[in-house]
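Peer 1: What follows is model.cif, made up of mmCIF, C-alpha atoms:
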data_start
loop_
_atom_site.label_atom_id
_atom_site.label_comp_id
_atom_site.auth_asym_id
_atom_site.auth_seq_id
_atom_site.Cartn_x
_atom_site.Cartn_y
_atom_site.Cartn_z
CA MET A 760 -60.83 -98.79 130.29
CA MET A 761 -63.04 -101.36 131.92
CA ARG A 762 -65.63 -99.69 134.14
CA PHE A 763 -67.45 -102.78 135.17
CA CYS A 764 -64.19 -104.50 136.11
CA VAL A 765 -63.63 -107.37 138.51
CA LEU A 766 -62.34 -106.71 142.07
CA GLN A 767 -59.85 -103.87 141.63
CA ASN A 768 -57.19 -104.07 144.28
CA SER A 769 -55.69 -100.65 143.95
CA ARG A 770 -54.09 -100.46 147.36
CA GLY A 771 -50.64 -101.24 146.06
CA LEU A 772 -47.82 -103.71 146.64
CA HIS A 773 -47.75 -103.49 150.42
CA SER A 774 -51.30 -104.48 151.08
CA GLN A 775 -51.41 -106.97 148.25
CA LEU A 776 -49.36 -109.22 150.47
CA LYS A 777 -51.92 -109.41 153.24
CA ASP A 778 -55.54 -108.48 153.15
CA SER A 779 -55.25 -106.16 156.10
CA VAL A 780 -52.70 -103.36 156.39
CA PRO A 781 -49.92 -104.58 158.70
CA VAL A 782 -47.82 -102.31 160.86
CA ALA A 783 -44.44 -103.69 161.92
CA GLY A 784 -44.65 -105.08 165.43
CA LEU A 785 -48.37 -104.56 165.86
CA CYS A 786 -49.67 -107.43 163.77
CA PRO A 787 -47.10 -110.24 163.78
CA GLN A 788 -47.61 -113.13 161.42
CA GLY A 789 -47.26 -116.03 163.85
CA ALA A 790 -50.03 -117.96 165.56
CA TYR A 791 -51.63 -116.45 168.65
CA GLY A 792 -50.52 -113.01 167.51
CA MET A 793 -46.94 -113.52 168.70
CA GLN A 794 -43.87 -113.21 166.50
CA ASP A 795 -42.79 -116.72 165.55
CA SER A 796 -39.01 -116.23 165.75
CA LEU A 797 -38.22 -119.85 164.98
CA ARG A 798 -40.04 -119.88 161.67
CA SER A 799 -40.03 -116.31 160.43
CA GLY A 800 -36.98 -114.82 162.12
CA PHE A 801 -36.89 -111.48 163.86
CA THR A 802 -39.36 -108.72 163.04
CA SER A 803 -38.23 -106.22 160.51
CA VAL A 804 -40.15 -103.80 158.35
CA LYS A 805 -38.31 -105.04 155.26
CA ASN A 806 -39.44 -108.61 155.94
CA GLU A 807 -43.06 -107.62 156.10
CA LEU A 808 -43.04 -105.32 153.12
CA LEU A 809 -41.23 -107.48 150.60
CA PRO A 810 -42.70 -110.73 149.27
CA SER A 811 -40.91 -113.85 150.45
CA HIS A 812 -40.58 -115.16 146.91
CA PRO A 813 -40.56 -113.36 143.56
CA LEU A 814 -43.46 -115.49 142.39
CA GLU A 815 -45.65 -114.85 145.40
CA LEU A 816 -47.37 -111.74 144.10
CA SER A 817 -47.67 -112.92 140.53
CA GLU A 818 -49.21 -116.21 141.63
CA LYS A 819 -51.64 -114.49 143.98
CA ASN A 820 -53.07 -112.41 141.16
CA PHE A 821 -52.57 -114.81 138.29
CA GLN A 822 -56.17 -115.88 137.80
CA LEU A 823 -57.36 -112.30 138.16
CA ASN A 824 -54.94 -111.00 135.56
CA GLN A 825 -55.79 -113.78 133.12
CA ASP A 826 -59.47 -112.97 133.44
CA LYS A 827 -58.86 -109.25 132.96
CA MET A 828 -56.86 -109.92 129.82
CA ASN A 829 -59.47 -112.28 128.40
CA TYR A 830 -62.37 -109.97 129.14
CA SER A 831 -60.67 -106.98 127.60
CA THR A 832 -59.81 -108.95 124.44
CA LEU A 833 -63.39 -110.16 124.27
CA ARG A 834 -64.65 -106.61 124.67
CA ASN A 835 -62.44 -105.41 121.84
CA ILE A 836 -63.59 -108.18 119.52
CA GLN A 837 -67.27 -108.59 120.28
CA GLY A 838 -68.29 -105.44 122.07
CA LEU A 839 -69.28 -104.59 125.62
CA HIS A 840 -72.14 -107.06 125.92
CA ALA A 841 -69.99 -110.19 125.73
CA PRO A 842 -67.84 -109.73 128.84
CA LEU A 843 -70.79 -108.15 130.65
CA LYS A 844 -72.91 -111.28 130.23
CA LEU A 845 -70.04 -113.57 131.16
CA GLN A 846 -69.22 -111.62 134.28
CA MET A 847 -72.86 -111.62 135.35
CA GLU A 848 -72.91 -115.41 135.16
CA TYR A 849 -69.58 -115.60 136.92
CA ARG A 850 -70.78 -113.43 139.80
CA ALA A 851 -73.98 -115.41 140.12
CA ALA A 852 -72.09 -118.71 140.25
CA ARG A 853 -69.61 -117.33 142.75
CA GLN A 854 -72.37 -116.73 145.24
CA ILE A 855 -73.21 -120.44 145.51
CA GLN A 856 -71.09 -121.26 148.53
CA ARG A 857 -71.31 -123.25 151.73
CA LEU A 858 -70.70 -121.60 155.10
CA PRO A 859 -67.35 -119.80 155.10
CA PHE A 860 -65.38 -122.30 157.16
CA LEU A 861 -66.45 -125.29 155.03
CA PRO A 862 -64.85 -126.06 151.64
CA SER A 863 -67.24 -125.58 148.72
CA SER A 864 -67.08 -127.61 145.56
CA ASN A 865 -67.56 -124.54 143.31
CA LEU A 866 -68.93 -126.79 140.58
CA ALA A 867 -70.81 -124.08 138.65
CA LEU A 868 -67.85 -121.72 138.93
CA ASP A 869 -65.44 -124.35 137.64
CA THR A 870 -67.67 -125.20 134.73
CA LEU A 871 -67.96 -121.55 133.73
CA ARG A 872 -64.23 -120.95 134.01
CA GLY A 873 -63.42 -124.18 132.22
CA SER A 874 -61.21 -125.39 135.06
CA ASP A 875 -63.26 -128.60 135.40
CA GLU A 876 -61.47 -129.83 132.28
CA SER A 877 -57.92 -129.11 133.37
CA ILE A 878 -55.58 -130.05 136.19
CA GLY A 879 -53.10 -127.60 137.60
CA PHE A 880 -50.95 -127.19 140.69
CA GLU A 881 -53.92 -125.73 142.57
CA ASP A 882 -55.62 -129.14 142.37
CA ILE A 883 -52.61 -131.11 143.56
CA LEU A 884 -50.76 -128.94 146.07
CA SER A 885 -52.40 -127.56 149.24
CA ASP A 886 -55.89 -128.67 148.30
CA PRO A 887 -58.09 -126.50 150.57
CA ALA A 888 -60.48 -129.40 151.02
CA GLN A 889 -57.66 -131.34 152.68
CA SER A 890 -56.08 -128.64 154.80
CA GLU A 891 -55.23 -129.58 158.39
CA VAL A 892 -56.49 -126.33 159.89
CA MET A 893 -59.97 -124.91 159.86
CA GLY A 894 -61.07 -121.37 160.50
CA GLU A 895 -62.94 -120.66 163.69
CA PRO A 896 -66.57 -121.28 162.62
CA HIS A 897 -68.30 -118.63 164.74
CA MET A 898 -65.69 -115.98 163.97
CA MET A 899 -65.86 -116.60 160.24
CA VAL A 900 -69.64 -116.58 160.02
CA GLU A 901 -69.82 -113.40 162.07
CA TYR A 902 -67.22 -111.78 159.82
CA LYS A 903 -69.17 -112.77 156.74
CA LEU A 904 -72.43 -111.41 158.16
CA GLY A 905 -70.70 -108.21 159.17
CA LEU A 906 -71.45 -108.69 162.85
CA LEU A 907 -67.81 -108.70 163.87
CA LEU B 374 -69.49 -102.96 178.46
CA THR B 375 -66.36 -104.92 179.40
CA SER B 376 -66.93 -107.19 176.40
CA ARG B 377 -66.86 -104.13 174.15
CA LYS B 378 -63.50 -103.07 175.49
CA HIS B 379 -61.90 -106.42 174.66
CA LYS B 380 -63.45 -106.66 171.24
CA PRO B 381 -61.01 -104.46 169.20
CA LEU B 382 -57.97 -106.71 169.77
CA LEU B 383 -60.07 -109.74 169.09
CA ILE B 384 -61.39 -108.20 165.90
CA LYS B 385 -57.89 -107.41 164.65
CA MET B 386 -56.65 -110.95 165.22
CA ALA B 387 -59.82 -112.41 163.82
CA THR B 388 -59.87 -110.27 160.69
CA VAL B 389 -56.34 -111.33 159.89
CA ALA B 390 -57.42 -114.92 160.43
CA VAL B 391 -60.69 -114.88 158.48
CA SER B 392 -59.88 -112.59 155.60
CA ARG B 393 -57.49 -114.95 153.81
CA PRO B 394 -59.48 -117.41 151.71
CA PRO B 395 -57.87 -120.83 151.34
CA LEU B 396 -56.26 -121.24 147.93
CA GLY B 397 -54.74 -124.29 146.35
CA GLY B 398 -51.41 -124.34 144.56
CA PHE B 399 -47.96 -123.28 145.69
CA SER B 400 -47.64 -121.94 149.20
CA PHE B 401 -44.78 -119.52 149.85
CA ASP B 402 -45.12 -119.66 153.66
CA ASN B 403 -41.77 -121.28 154.27
CA CYS B 404 -39.66 -119.17 151.90
CA LYS B 405 -38.53 -116.68 154.54
CA ARG B 406 -37.73 -119.47 156.96
CA ASN B 407 -35.73 -121.30 154.30
CA ALA B 408 -33.77 -118.17 153.46
CA ILE B 409 -32.90 -117.72 157.14
CA LEU B 410 -31.89 -121.38 157.48
CA GLN B 411 -29.74 -121.13 154.37
CA GLY B 412 -28.00 -118.07 155.83
CA GLU B 413 -27.43 -119.82 159.15
CA ALA B 414 -26.11 -122.95 157.44
CA ASN B 415 -23.71 -120.95 155.30
CA LYS B 416 -22.31 -119.24 158.40
CA VAL B 417 -21.44 -122.63 159.90
CA GLY B 418 -20.20 -123.97 156.57
CA PHE B 419 -22.82 -126.71 156.28
CA ASN B 420 -24.52 -127.45 152.98
CA LEU B 421 -28.26 -128.02 152.91
CA PRO B 422 -29.23 -131.08 150.79
CA ALA B 423 -29.47 -130.34 147.07
CA ALA B 424 -32.44 -131.22 144.92
CA ARG B 425 -31.97 -134.30 142.78
CA LYS B 426 -31.10 -133.23 139.25
CA THR B 427 -30.99 -135.40 136.20
CA GLY B 428 -27.75 -133.78 134.84
CA THR B 429 -28.45 -135.45 131.60
CA THR B 430 -28.04 -136.05 127.95
CA ILE B 431 -31.34 -136.10 126.08
CA CYS B 432 -31.86 -135.72 122.37
CA GLY B 433 -34.31 -136.27 119.58
CA VAL B 434 -34.23 -136.53 115.81
CA VAL B 435 -36.91 -136.49 113.10
CA PHE B 436 -36.53 -139.20 110.47
CA LYS B 437 -38.56 -140.25 107.46
CA ASP B 438 -41.56 -141.84 109.21
CA GLY B 439 -41.40 -140.38 112.69
CA VAL B 440 -39.31 -139.31 115.65
CA VAL B 441 -36.56 -141.01 117.68
CA LEU B 442 -36.02 -139.80 121.25
CA GLY B 443 -33.01 -140.84 123.31
CA ALA B 444 -31.87 -140.36 126.90
CA ASP B 445 -29.26 -141.61 129.34
CA THR B 446 -30.32 -143.02 132.72
CA ARG B 447 -28.30 -141.34 135.46
CA ALA B 448 -29.82 -139.09 138.16
CA THR B 449 -27.38 -137.11 140.31
CA GLU B 450 -27.70 -135.45 143.70
CA GLY B 451 -24.78 -133.05 143.88
CA MET B 452 -21.70 -135.21 143.35
CA ILE B 453 -23.41 -138.53 144.04
CA VAL B 454 -25.32 -140.72 141.63
CA ALA B 455 -28.81 -140.95 143.11
CA ASP B 456 -30.33 -143.33 140.58
CA LYS B 457 -28.31 -145.56 138.26
CA ASN B 458 -31.23 -146.47 136.08
CA CYS B 459 -33.89 -143.80 136.06
CA SER B 460 -36.36 -143.40 133.25
CA LYS B 461 -36.16 -139.99 131.58
CA ILE B 462 -38.51 -140.56 128.67
CA HIS B 463 -41.98 -139.75 129.98
CA TYR B 464 -45.32 -140.67 128.50
CA ILE B 465 -47.50 -137.76 127.48
CA SER B 466 -50.03 -139.44 125.22
CA PRO B 467 -50.08 -142.61 123.06
CA ASN B 468 -48.39 -140.75 120.22
CA ILE B 469 -46.31 -138.20 122.16
CA TYR B 470 -43.36 -138.77 124.48
CA CYS B 471 -41.17 -136.27 126.31
CA CYS B 472 -37.60 -136.48 127.61
CA GLY B 473 -36.82 -134.38 130.67
CA ALA B 474 -33.62 -132.78 131.96
CA GLY B 475 -33.13 -130.53 134.98
CA THR B 476 -34.67 -131.07 138.41
CA ALA B 477 -36.06 -134.61 138.41
CA ALA B 478 -39.20 -133.85 140.41
CA ASP B 479 -40.04 -130.87 138.22
CA THR B 480 -39.78 -132.81 134.96
CA GLU B 481 -41.76 -135.70 136.41
CA MET B 482 -44.63 -133.63 137.77
CA THR B 483 -44.77 -131.26 134.81
CA THR B 484 -44.99 -134.07 132.30
CA GLN B 485 -47.62 -135.85 134.38
CA ILE B 486 -49.77 -132.74 134.68
CA ILE B 487 -49.54 -132.03 130.97
CA SER B 488 -50.27 -135.67 130.21
CA SER B 489 -53.47 -135.50 132.29
CA ASN B 490 -54.52 -132.21 130.73
CA LEU B 491 -53.89 -133.55 127.25
CA GLU B 492 -55.96 -136.63 127.99
CA LEU B 493 -58.87 -134.48 129.19
CA HIS B 494 -58.45 -132.28 126.14
CA ALA B 495 -58.45 -135.29 123.81
CA LEU B 496 -61.63 -136.62 125.45
CA SER B 497 -63.19 -133.23 124.97
CA THR B 498 -62.22 -132.83 121.31
CA GLY B 499 -62.54 -136.53 120.44
CA ARG B 500 -59.29 -136.46 118.45
CA LEU B 501 -55.74 -137.70 118.87
CA PRO B 502 -53.78 -134.90 120.58
CA ARG B 503 -51.27 -132.90 118.57
CA VAL B 504 -47.68 -132.27 119.56
CA ALA B 505 -48.20 -128.52 119.15
CA THR B 506 -50.91 -128.64 121.83
CA ALA B 507 -48.59 -130.31 124.30
CA ASN B 508 -45.88 -127.81 123.41
CA ARG B 509 -48.16 -124.84 124.03
CA MET B 510 -49.44 -126.20 127.33
CA LEU B 511 -45.89 -126.82 128.55
CA LYS B 512 -44.54 -123.44 127.50
CA GLN B 513 -47.44 -121.56 129.06
CA MET B 514 -47.00 -123.37 132.35
CA LEU B 515 -43.23 -122.94 132.45
CA PHE B 516 -43.44 -119.24 131.58
CA ARG B 517 -45.99 -118.69 134.31
CA TYR B 518 -43.45 -119.88 136.87
CA GLN B 519 -40.63 -117.77 135.38
CA GLY B 520 -38.04 -120.53 135.26
CA TYR B 521 -38.40 -121.58 138.90
CA ILE B 522 -39.65 -124.93 137.67
CA GLY B 523 -36.35 -126.35 136.37
CA ALA B 524 -37.57 -128.56 133.55
CA ALA B 525 -35.78 -128.62 130.18
CA LEU B 526 -37.72 -130.91 127.87
CA VAL B 527 -37.44 -132.54 124.47
CA LEU B 528 -40.95 -133.20 123.21
CA GLY B 529 -41.54 -135.44 120.22
CA GLY B 530 -44.41 -137.23 118.60
CA VAL B 531 -46.36 -138.07 115.48
CA ASP B 532 -49.83 -136.66 114.88
CA CYS B 533 -52.14 -136.04 111.93
CA ASN B 534 -49.71 -133.48 110.50
CA GLY B 535 -46.66 -135.72 110.60
CA PRO B 536 -43.69 -136.03 112.97
CA HIS B 537 -42.76 -133.06 115.16
CA LEU B 538 -39.91 -132.34 117.58
CA TYR B 539 -39.74 -129.45 120.04
CA SER B 540 -37.24 -128.39 122.67
CA ILE B 541 -38.63 -126.50 125.67
CA TYR B 542 -36.43 -124.47 128.02
CA PRO B 543 -37.18 -123.88 131.74
CA HIS B 544 -38.14 -120.25 131.22
CA GLY B 545 -40.75 -121.15 128.62
CA SER B 546 -39.12 -120.63 125.22
CA THR B 547 -39.50 -123.38 122.64
CA ASP B 548 -37.85 -124.34 119.37
CA LYS B 549 -39.23 -126.53 116.64
CA LEU B 550 -36.30 -128.26 114.96
CA PRO B 551 -35.38 -131.46 113.11
CA TYR B 552 -32.80 -132.42 115.76
CA VAL B 553 -32.40 -131.18 119.35
CA THR B 554 -30.30 -131.95 122.41
CA MET B 555 -30.70 -130.80 126.03
CA GLY B 556 -29.01 -131.30 129.36
CA SER B 557 -25.44 -131.09 130.59
CA GLY B 558 -24.26 -133.46 127.86
CA SER B 559 -26.07 -131.56 125.14
CA LEU B 560 -22.92 -130.17 123.55
CA ALA B 561 -21.36 -133.61 123.17
CA ALA B 562 -24.55 -134.98 121.65
CA MET B 563 -25.02 -131.97 119.39
CA ALA B 564 -21.49 -132.43 118.04
CA VAL B 565 -22.48 -135.92 116.84
CA PHE B 566 -25.73 -134.63 115.34
CA GLU B 567 -24.07 -131.73 113.52
CA ASP B 568 -21.62 -134.15 111.96
CA ARG B 569 -23.94 -136.91 110.80
CA TYR B 570 -27.53 -135.64 110.56
CA LYS B 571 -29.23 -135.91 107.14
CA PRO B 572 -32.89 -135.17 106.43
CA ASN B 573 -35.22 -138.15 105.71
CA MET B 574 -33.09 -140.87 107.30
CA GLU B 575 -34.22 -144.47 107.67
CA GLU B 576 -35.28 -145.78 111.07
CA GLY B 577 -32.14 -147.87 111.61
CA GLU B 578 -29.88 -144.98 110.69
CA ALA B 579 -31.76 -142.60 112.99
CA LYS B 580 -31.56 -145.04 115.91
CA GLN B 581 -27.83 -145.46 115.40
CA LEU B 582 -27.35 -141.68 115.27
CA VAL B 583 -29.29 -141.09 118.51
CA HIS B 584 -27.44 -143.97 120.16
CA ASP B 585 -24.09 -142.46 119.25
CA ALA B 586 -25.15 -139.00 120.39
CA ILE B 587 -26.23 -140.25 123.82
CA ALA B 588 -23.07 -142.35 124.08
CA ALA B 589 -21.03 -139.21 123.39
CA GLY B 590 -22.86 -137.49 126.25
CA ILE B 591 -22.38 -140.47 128.59
CA PHE B 592 -18.66 -140.82 128.02
CA ASN B 593 -17.77 -137.14 127.92
CA ASP B 594 -20.02 -135.65 130.60
CA LEU B 595 -19.93 -136.49 134.30
CA GLY B 596 -23.61 -135.77 134.80
CA SER B 597 -24.72 -138.46 132.33
CA GLY B 598 -24.10 -142.16 132.52
CA SER B 599 -25.36 -145.74 132.73
CA ASN B 600 -27.61 -146.98 129.95
CA ILE B 601 -29.11 -145.57 126.78
CA ASP B 602 -32.90 -145.53 126.40
CA LEU B 603 -34.54 -145.04 123.04
CA CYS B 604 -38.10 -144.31 122.05
CA VAL B 605 -39.10 -144.65 118.39
CA ILE B 606 -42.46 -143.05 117.58
CA THR B 607 -44.05 -143.65 114.19
CA LYS B 608 -47.61 -143.20 112.97
CA GLY B 609 -49.67 -145.72 114.90
CA SER B 610 -46.89 -147.37 116.93
CA VAL B 611 -44.41 -146.58 119.67
CA ASP B 612 -41.31 -148.65 120.39
CA TYR B 613 -40.01 -147.88 123.88
CA ILE B 614 -36.63 -149.58 124.08
CA ARG B 615 -35.36 -149.57 127.64
CA PRO B 616 -32.47 -150.24 127.72
CA HIS B 617 -31.33 -150.01 124.16
CA ASP B 618 -27.71 -150.42 125.19
CA GLU B 619 -26.08 -150.92 128.55
CA ALA B 620 -23.08 -148.72 127.90
CA ASN B 621 -21.83 -148.87 131.49
CA LYS B 622 -22.29 -152.35 132.82
CA LYS B 623 -21.35 -152.96 136.44
CA GLY B 624 -18.52 -155.50 136.70
CA VAL B 625 -18.99 -159.07 137.97
CA ARG B 626 -17.17 -159.99 141.16
CA THR B 627 -14.42 -162.52 140.43
CA GLY B 628 -13.65 -163.58 144.03
CA ASP B 629 -15.88 -164.80 146.87
CA TYR B 630 -15.47 -164.30 150.61
CA LYS B 631 -17.42 -167.42 151.55
CA TYR B 632 -15.28 -170.38 152.65
CA ARG B 633 -16.17 -173.98 151.72
CA ARG B 634 -17.14 -176.44 154.41
CA GLY B 635 -14.00 -178.32 155.41
CA THR B 636 -11.54 -175.45 154.93
CA THR B 637 -10.95 -175.71 158.66
CA THR B 638 -10.72 -179.32 159.95
CA VAL B 639 -13.34 -180.25 162.56
CA LEU B 640 -11.86 -181.88 165.71
CA THR B 641 -14.96 -182.57 167.85
CA LYS B 642 -18.70 -182.00 167.43
CA ALA B 643 -21.29 -181.90 170.27
CA VAL B 644 -25.05 -181.34 169.67
CA ASN B 645 -27.34 -180.31 172.61
CA PRO B 646 -31.05 -180.28 171.75
CA LEU B 647 -33.01 -177.56 173.59
CA ASP B 648 -36.18 -178.73 175.37
CA LEU B 649 -38.86 -176.20 174.63
CA GLU B 650 -42.47 -176.76 175.62
CA LEU B 651 -45.35 -174.97 173.93
CA VAL B 652 -47.06 -172.85 176.61
CA GLU B 653 -49.66 -170.87 174.68
CA GLU B 654 -50.68 -170.51 171.07
CA SER B 655 -52.86 -167.60 169.93
CA ILE B 656 -53.88 -166.53 166.45
CA GLN B 657 -54.52 -162.87 165.60
CA THR B 658 -56.21 -162.26 162.27
CA MET B 659 -54.83 -159.28 160.33
CA ASP B 660 -57.26 -156.53 159.39
CA THR B 661 -56.81 -156.52 155.63
CA SER B 662 -60.03 -154.64 154.81
#
Please express the file's structure as structure tokens.

Peer 2:
Amino acid sequence: MMRFCVLQNSRGLHSQLKDSVPVAGLCPQGAYGMQDSLRSGFTSVKNELLPSHPLELSEKNFQLNQDKMNYSTLRNIQGLHAPLKLQMEYRAARQIQRLPFLPSSNLALDTLRGSDESIGFEDILSDPAQSEVMGEPHMMVEYKLGLL
Amino acid sequence: LTSRKHKPLLIKMATVAVSRPPLGGFSFDNCKRNAILQGEANKVGFNLPAARKTGTTICGVVFKDGVVLGADTRATEGMIVADKNCSKIHYISPNIYCCGAGTAADTEMTTQIISSNLELHALSTGRLPRVATANRMLKQMLFRYQGYIGAALVLGGVDCNGPHLYSIYPHGSTDKLPYVTMGSGSLAAMAVFEDRYKPNMEEGEAKQLVHDAIAAGIFNDLGSGSNIDLCVITKGSVDYIRPHDEANKKGVRTGDYKYRRGTTTVLTKAVNPLDLELVEESIQTMDTS
């Protein structure tokens, strides 16, 4: 059992889909808070509870699960200190970020994870550095600072 | 005080907006919409456009000094031939090539991604990449996507351990065999292999065998057609023969709709020159920077 584990999301399937807990009809997915009937159809509890694609959940947590598996193997082979040190470095590198609404290069994080030497779909499709929409700067900074 | 009253709704909308960090990779936003559109289209009886498949015959065989890969060149889109001469043998590394069957875009992108990763890996290790490395990278990626990436591949190459041939299925299983076939024409090609394969063949024999196997697929399967491409990989050299044989050549037109001058006799001829005067001439340079 890993005590020092990475972010445990133990809230279950329902809230793994969205970061907040949605209630049908109260928090519609469309822009401006209105139900976007053209794109997502009519509201239904089933629609909001189930993932829209079988891969959606597995892809969302893929990196997390890989890391968990690797750390637990490492712990079994080399002892507790090995994953502990690695995770300390990982957490330190993860804190080097720009302001929340700007894309960060995550250079140190990539080097630690080894993803600077590989290309995957996350580098080609929907590159966050090239997204057409940006979060509202004031809102996002206030959320990060806990003022919201 | 009034600002406090309005804050809760704002907070709810804002938290939904700010709490999702931007991630790269596949986005499943449109899946629900697509499912609804598919349902609506089916009600009316209309078919949404199908993805372009390669509906193929691909095969490979290990011979004495290396590997011979073969493929046909037809890409289909439902019942229509989308590309009469597409290239199905993809480059992975100087000593490794991969034939792809299934959805054309999937095979193309998957082989390109693995090719890039293998190149980075080779730069990092400083050695010529091994076929087993490419195989493992491909199977791990395909398994991750649980068969939704429709790429059935025949991977072959020569590395420091000799010639190797793998077949990789869309769900991520692989087989290491001396001769493999994939695609809709795989049964026709496999019949030829099962009849005439011998271990340690010569290069000419192996090329003839692969040629006949692909021809069997082309003539007996609707999803395969046009030409036969071969790729012979030996230690230190690659011979990419495209096309090796044009099995289905398009016919030459025997007649011509153009009439010669004088077919109709000319009775009279009158020429009126138009008087045009040059009013203004301006030159606009193109911005080619």

Peer 1: Expanded to explicit residues, what is the PyMOL selection byres ((chain A) within 6 of (chain B)) for this file, as a PyMOL selection string?

Peer 2: chain A and resi 798-799+811+877-878+880-881+884-887+899

Peer 1: Could you list, as a list in words, every residue matched by the PyMOL selection byres ((chain B and resi 446) around 10) in this structure?

Peer 2: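 Given this file, the PyMOL selection byres ((chain B and resi 446) around 10) evaluates to Thr427, Gly428, Thr429, Thr430, Ile431, Ala444, Asp445, Arg447, Ala448, Asp456, Lys457, Asn458, Cys459, Ser460, Lys461, Ile462, Ile591, Ser597, Gly598, Ser599, Asn600, Ile601, Asp602, Arg615, Pro616 and Glu619 of chain B.
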
Peer 1: Which residues match the PyMOL selection byres ((chain B and resi 559-561) around 8) in the file above, as a list in words?

Peer 2: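 Residues picked by the PyMOL selection byres ((chain B and resi 559-561) around 8): Thr429, Thr430, Ile431, Cys432, Thr554, Met555, Gly556, Ser557, Gly558, Ala562, Met563, Ala564, Val565, Ala586, Ala589, Gly590, Asn593 and Asp594 of chain B.
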
Peer 1: What is the CA of Phe436 in chain B-CA of Thr607 in chain B distance in Å, reported with one decimal?

Peer 2: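 Computed distance, CA of Phe436 in chain B to CA of Thr607 in chain B, equals 9.5 Å.
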
Peer 1: Counting all atoms listed in the file, select every polymer residue within 9 Å of (-49.0, -137.1, 112.9) as defined in the file's coordinates, and provide the selection as a tab-separated table (two decimals) with C-alpha atoms, in the frame of the given file.

Peer 2:
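Now in part_19.tsv:
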chain	number	residue	atom	x	y	z
B	439	GLY	CA	-41.40	-140.38	112.69
B	468	ASN	CA	-48.39	-140.75	120.22
B	503	ARG	CA	-51.27	-132.90	118.57
B	504	VAL	CA	-47.68	-132.27	119.56
B	530	GLY	CA	-44.41	-137.23	118.60
B	531	VAL	CA	-46.36	-138.07	115.48
B	532	ASP	CA	-49.83	-136.66	114.88
B	533	CYS	CA	-52.14	-136.04	111.93
B	534	ASN	CA	-49.71	-133.48	110.50
B	535	GLY	CA	-46.66	-135.72	110.60
B	536	PRO	CA	-43.69	-136.03	112.97
B	537	HIS	CA	-42.76	-133.06	115.16
B	607	THR	CA	-44.05	-143.65	114.19
B	608	LYS	CA	-47.61	-143.20	112.97
B	609	GLY	CA	-49.67	-145.72	114.90

Peer 1: At what distance in Å, to one decimal, does CA of Glu578 in chain B lie from CA of Leu528 in chain B?

Peer 2: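 We find that CA of Leu528 in chain B and CA of Glu578 in chain B lie 20.4 Å from each other.
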
Peer 1: For Thr547 in chain B, which of B:Asn508, B:Asn573, B:Thr480, B:Gln411 is the closest residue, counting all atoms listed in the file?

Peer 2: B:Asn508

Peer 1: By how many Å are CA of Gly529 in chain B and CA of Leu442 in chain B apart?

Peer 2: 7.1 Å

Peer 1: Missing atoms in range 836-847 of chain A: fill them in up to N, CA and C atoms and send the result as a tab-separated table (two decimals), keeping the file's coordinate frame.

Peer 2:
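Just written: out_14.tsv:
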chain	number	residue	atom	x	y	z
A	836	ILE	N	-63.16	-107.44	120.70
A	836	ILE	CA	-63.59	-108.18	119.52
A	836	ILE	C	-65.10	-108.10	119.35
A	837	GLN	N	-65.83	-108.42	120.43
A	837	GLN	CA	-67.27	-108.59	120.28
A	837	GLN	C	-68.10	-107.45	120.83
A	838	GLY	N	-67.49	-106.54	121.53
A	838	GLY	CA	-68.29	-105.44	122.07
A	838	GLY	C	-68.53	-105.61	123.55
A	839	LEU	N	-69.14	-104.62	124.16
A	839	LEU	CA	-69.28	-104.59	125.62
A	839	LEU	C	-70.17	-105.70	126.15
A	840	HIS	N	-71.16	-106.12	125.39
A	840	HIS	CA	-72.14	-107.06	125.92
A	840	HIS	C	-71.54	-108.40	126.29
A	841	ALA	N	-70.53	-108.83	125.52
A	841	ALA	CA	-69.99	-110.19	125.73
A	841	ALA	C	-69.38	-110.36	127.12
A	842	PRO	N	-68.38	-109.55	127.49
A	842	PRO	CA	-67.84	-109.73	128.84
A	842	PRO	C	-68.85	-109.41	129.93
A	843	LEU	N	-69.77	-108.51	129.65
A	843	LEU	CA	-70.79	-108.15	130.65
A	843	LEU	C	-71.62	-109.36	131.01
A	844	LYS	N	-72.08	-110.09	129.98
A	844	LYS	CA	-72.91	-111.28	130.23
A	844	LYS	C	-72.11	-112.34	130.96
A	845	LEU	N	-70.87	-112.54	130.53
A	845	LEU	CA	-70.04	-113.57	131.16
A	845	LEU	C	-69.80	-113.25	132.62
A	846	GLN	N	-69.51	-111.97	132.90
A	846	GLN	CA	-69.22	-111.62	134.28
A	846	GLN	C	-70.46	-111.72	135.15
A	847	MET	N	-71.63	-111.47	134.58
A	847	MET	CA	-72.86	-111.62	135.35
A	847	MET	C	-73.03	-113.06	135.76
